[in-house]
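Trainee: Input: one structure, supplied below.
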Amino acid sequence: MGIGAATAATVPLAQLTTPSYAAAPVPPPTWAVHPFPLDQVTLGAGAFRRTRDLMLDYARSYPADRILAVFRANAGLDTRGARPPGGWETSDGNLRGHYGGHFLTLLAQAYADTREAALKAKLDYLVAALGECRQALAEHGDPRPSHPGYLAAYPETQFILLESYTTYPTIWAPYYTCHKIMRGLLDAHTLAGSAQALRIVSGMGDWVHSRLGRLPRAQLERMWSIYIAGEYGGMNEVMADLYALTGRQEHLAAARCFDNTALLDACAADRDVLEGRHANQHIPQFTGYVRLFDHTGEETYAAAARNFWGMVTGTRMYSLGGTGQGEMFRARGAIAATLDADNAETCATHNMLKLSRQLFFHAPDPAYMDYYERGLTNHILASRRAAPSTSSPEVTYFVGMGPGVVREYGNTGTCCGGTGMENHTKYQDSVYFRSADGESLYVNLYLASTLRWPERGLVIEQAGDFPAEGARTLTFREGGGRLDLKLRVPSWATGGFTVAVNGVRQRVAATPGTYLTLSRNWVRGDRVSVTAPYRLRIERALDDPGVQSLFHGPVLLVARSDAAQFRVFSFYKDFTLRGDLADAIRPEGRPLHFTTHGLTLAPFHLADDARYHAYFQRAEPVVLFGTTDSGVPNRARGDGLTFLDVLWEQAPFASSGSFVAAVRALAGTWLAEGLFTSAERDRVVAAAVSADLRSRS
């Protein structure tokens with residue numbers, strides 16, 4: 001699957017000089033699935049909209065002149081008495097300007113979502129002021145820019161120093177900052193129709209090419225290998241997106257200047273060399289590689305992105321969906337060994353969701369959306385303090401996974417403060433996708449929302465209270481016609497997944513981790529009801545199966561406790577023949593809240609200030625069934641799973657007889673592998689025979 005450098009997505013710049021909302025490029029022919037614009041999906045009532053509204057209040061209230069202060073000062077213009085935001089966004093900070101780029105994206109997304117005139121006016125004010133700064137820099141910038149398109153909140157010196165391999169902290173990440181500004185301007189154009197924003201960002205793209213297009217490949221690759229100073233965010237992605245709008249070959253060539261070849265080639269060959277690398281320095285690069293694949297057809301780009309995604313989500317993912325310790329990738333499978341207060345940088349999950357989305361466009365694998373749901377629900381939704389603020393975004397940086405940690409909010413001016421502003425104003429961007437031919441609708445996330453699909457004359461409303469448990473109902477409010485409705489069956493939906501149309505249950509196979517397709521001629525008023533009961537379940541750390549997290553369906557549960565050491569939980573002693581954690585963990589009385597071992601288990605997405613344990617230590621030292629103790633140690637085999645782990649994976653048991661048969665067979669296996677003596681095997685079987693594990697509920 002490949003296309004040439006010029007695609008159907010390329011639009012001449014001359015056609016984009018008048019303001020128009022329909023400013024986004026046509027999806028490339030490499031995409032099997034297309035997204036809907038933000039303004040065609042409206043969030044319904046619930047946790048996501050409540051959190052979104054908190055960020056909208058911040059967007060409305062935060063002074064635009066404070067965002068502009070560092071840009072105006074650098075350009076020699078009047079700052080109008082405004083102070084910079086603070087954090088890393090100070091008058092002398094080496095990353096200043098990045099927060100302004102994020103704020104542009106925040107406003108553009110917020111306007112696309114709400115259509116509030118005040119948000120558009122604020123966005124236009126910022127863009128116009130940045131245009132004035134760019135003009136001032138072109139006229140009297142020092143040092144003289146290499147191209148008049150230069151725009152930043154500091155002199156071009158940082159970029160010049162990077163070319164001589166100057167390291168952090170003498171300089172920070174100049175192209176990272178450039179990316180945030182360019183992305184914000186591009187979003188102002190594609191989401192809010194700002195023609196001026198496109199002119200400014202196109203000039204910036206010309207400037208990037210003028211600096212990098214003349215440098216030897218070896219020099220570029222050495223630059224991108226430098227810790228932090230060489231971090232460039234998603235410059236390759238934004239340059240590829242700009243090329244899709246302008247058709248200027250210089251913009252595509254500039255995108256390719258950001259190839260980090262050694263890492264790119266290693267990931268394309270599925271060689272994992274991530275250990276010790278700065279996680280968020282590299283994640284956005286791979287989203288850019290997917291976009292470069294769209295424009296070049298070079299499979300190396302696509303293969304690298306797919307493999308990289310697997311290296312992160314498969315072996316370096318904490319239970320909430322985040323990755324990294326202290327911003328760094330650690331060894332494959334090092335989960336229990338790295339639990340601390342500084343795990344899961346929120347920026348990293350922001351970018352992993354973007355990468356998952358881009359990969360899904362090319363191959364609609366439900367695994368991408370399983371991850372998206374996990375990260376969105378348990379990290380991103382959980383990253384915004386559930387309290388109003390018009391002076392701070394109130395979002396997390398790190399989200400600790402160690403015992404007894406607490407979330408810290410705020411982050412004005414930091415990287416996670418910037419992506420945090422964006423996270424909560426685009427929740428609806430992946431709820432629905434459509435197939436490239438327009439014949440199928442993918443329902444990826446079960447968020448309350450309304451889809452408007454004008455090309456098909458459809459309005460579909462989804463009701464429900466996700467992430468709370470309950471039925472979801474999709475109603476065709478307007479329009480109809482032949483359509484394949486593809487409902488994601490989440491991988492956690494092991495307790496059943498039933499679908500009814502207009503009250504009639506459908507005889508369809510629903511396998512967790514797939515899409516279930518309903519094909520029919522839909523009419524106005526049709527109702528599709530989806531029920532997927534939540535079940536309590538555990539997830540084991542890859543490097544220590546005894547270190548575990550608890551989930552209720554898709555929802556990560558954390559134990560409320562100030563203890564600085566792992567809490568120790570034992571569950572098997574409470575199991576009945578059904579082998580369900582519900583026998584050991586009891587509902588507390590509030591939705592999604594439970595109690596066990598004298599502690600409250602609460603959903604992590606409730607973003608509060610309580611100390612928590614996302615992981616616990618599982619202790620099941622002896623083989624026992626209910627109150628019947630065999631006295632035999634519950635030994636583990638080579639993969640770390642104990643006798644009781646393997647036994648209860650076979651549950652539920654239809655009868656006491658089938659339970660005893662399973663114990664006898666497994667005890668024989670443990671004997672054959674040298675994990676039980678003959679006497680121990682006999683004691684385990686005898687305990688199973690005498691135990692009464694019939695349901696006590």
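In the structure tokens, each chain is lettered A, B, ... as it comes, each chain's residues begin at 1, and ligands are numbered from 1 in order of appearance.
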Please list as a list of chain:residue names every residue within 10 Å of Glu275 in chain A, counting only C-alpha atoms and excluding residues in the same chain fewer than 4 positions away.
Mentor: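 Once the adjacent positions are removed, what remains is A:Ala279, A:Arg316, A:Gly324, A:Met328, A:Phe329, A:Arg330, A:Ala331, A:Arg332.
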Trainee: In range 320-354 of chain A, what's strand (DSSP E or B) per DSSP? Answer as a list in words?
Mentor: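 Secondary structure check on range 320-354 of chain A, strand (DSSP E or B): Thr323, Gln325, Met328 and Asn343 of chain A.
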Trainee: Go through A:Pro155, A:Gly97, A:Gly413, A:Gly525 and flag the residue nearest Asn502 in chain A, using only C-alpha atoms for the distances.
Mentor: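 Counting only C-alpha atoms, the residue closest to Asn502 in chain A is A:Gly525.
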Trainee: Report, in Å to a single decimal, how far apart CA of Glu237 in chain A and CA of Trp224 in chain A are.
Mentor: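 Separation between CA of Trp224 in chain A and CA of Glu237 in chain A: 15.2 Å.
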Trainee: I'd like to know which of A:Leu68, A:Ala129, A:Leu245, A:Ala192 is closest to Val26 in chain A, using only C-alpha atoms.
Mentor: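 Looking at the shortest contact to Val26 in chain A, the residue is A:Leu245.
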Trainee: Interatomic distance between CA of Pro37 in chain A and CA of Val208 in chain A?
Mentor: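 CA of Pro37 in chain A sits 28.6 Å away from CA of Val208 in chain A.
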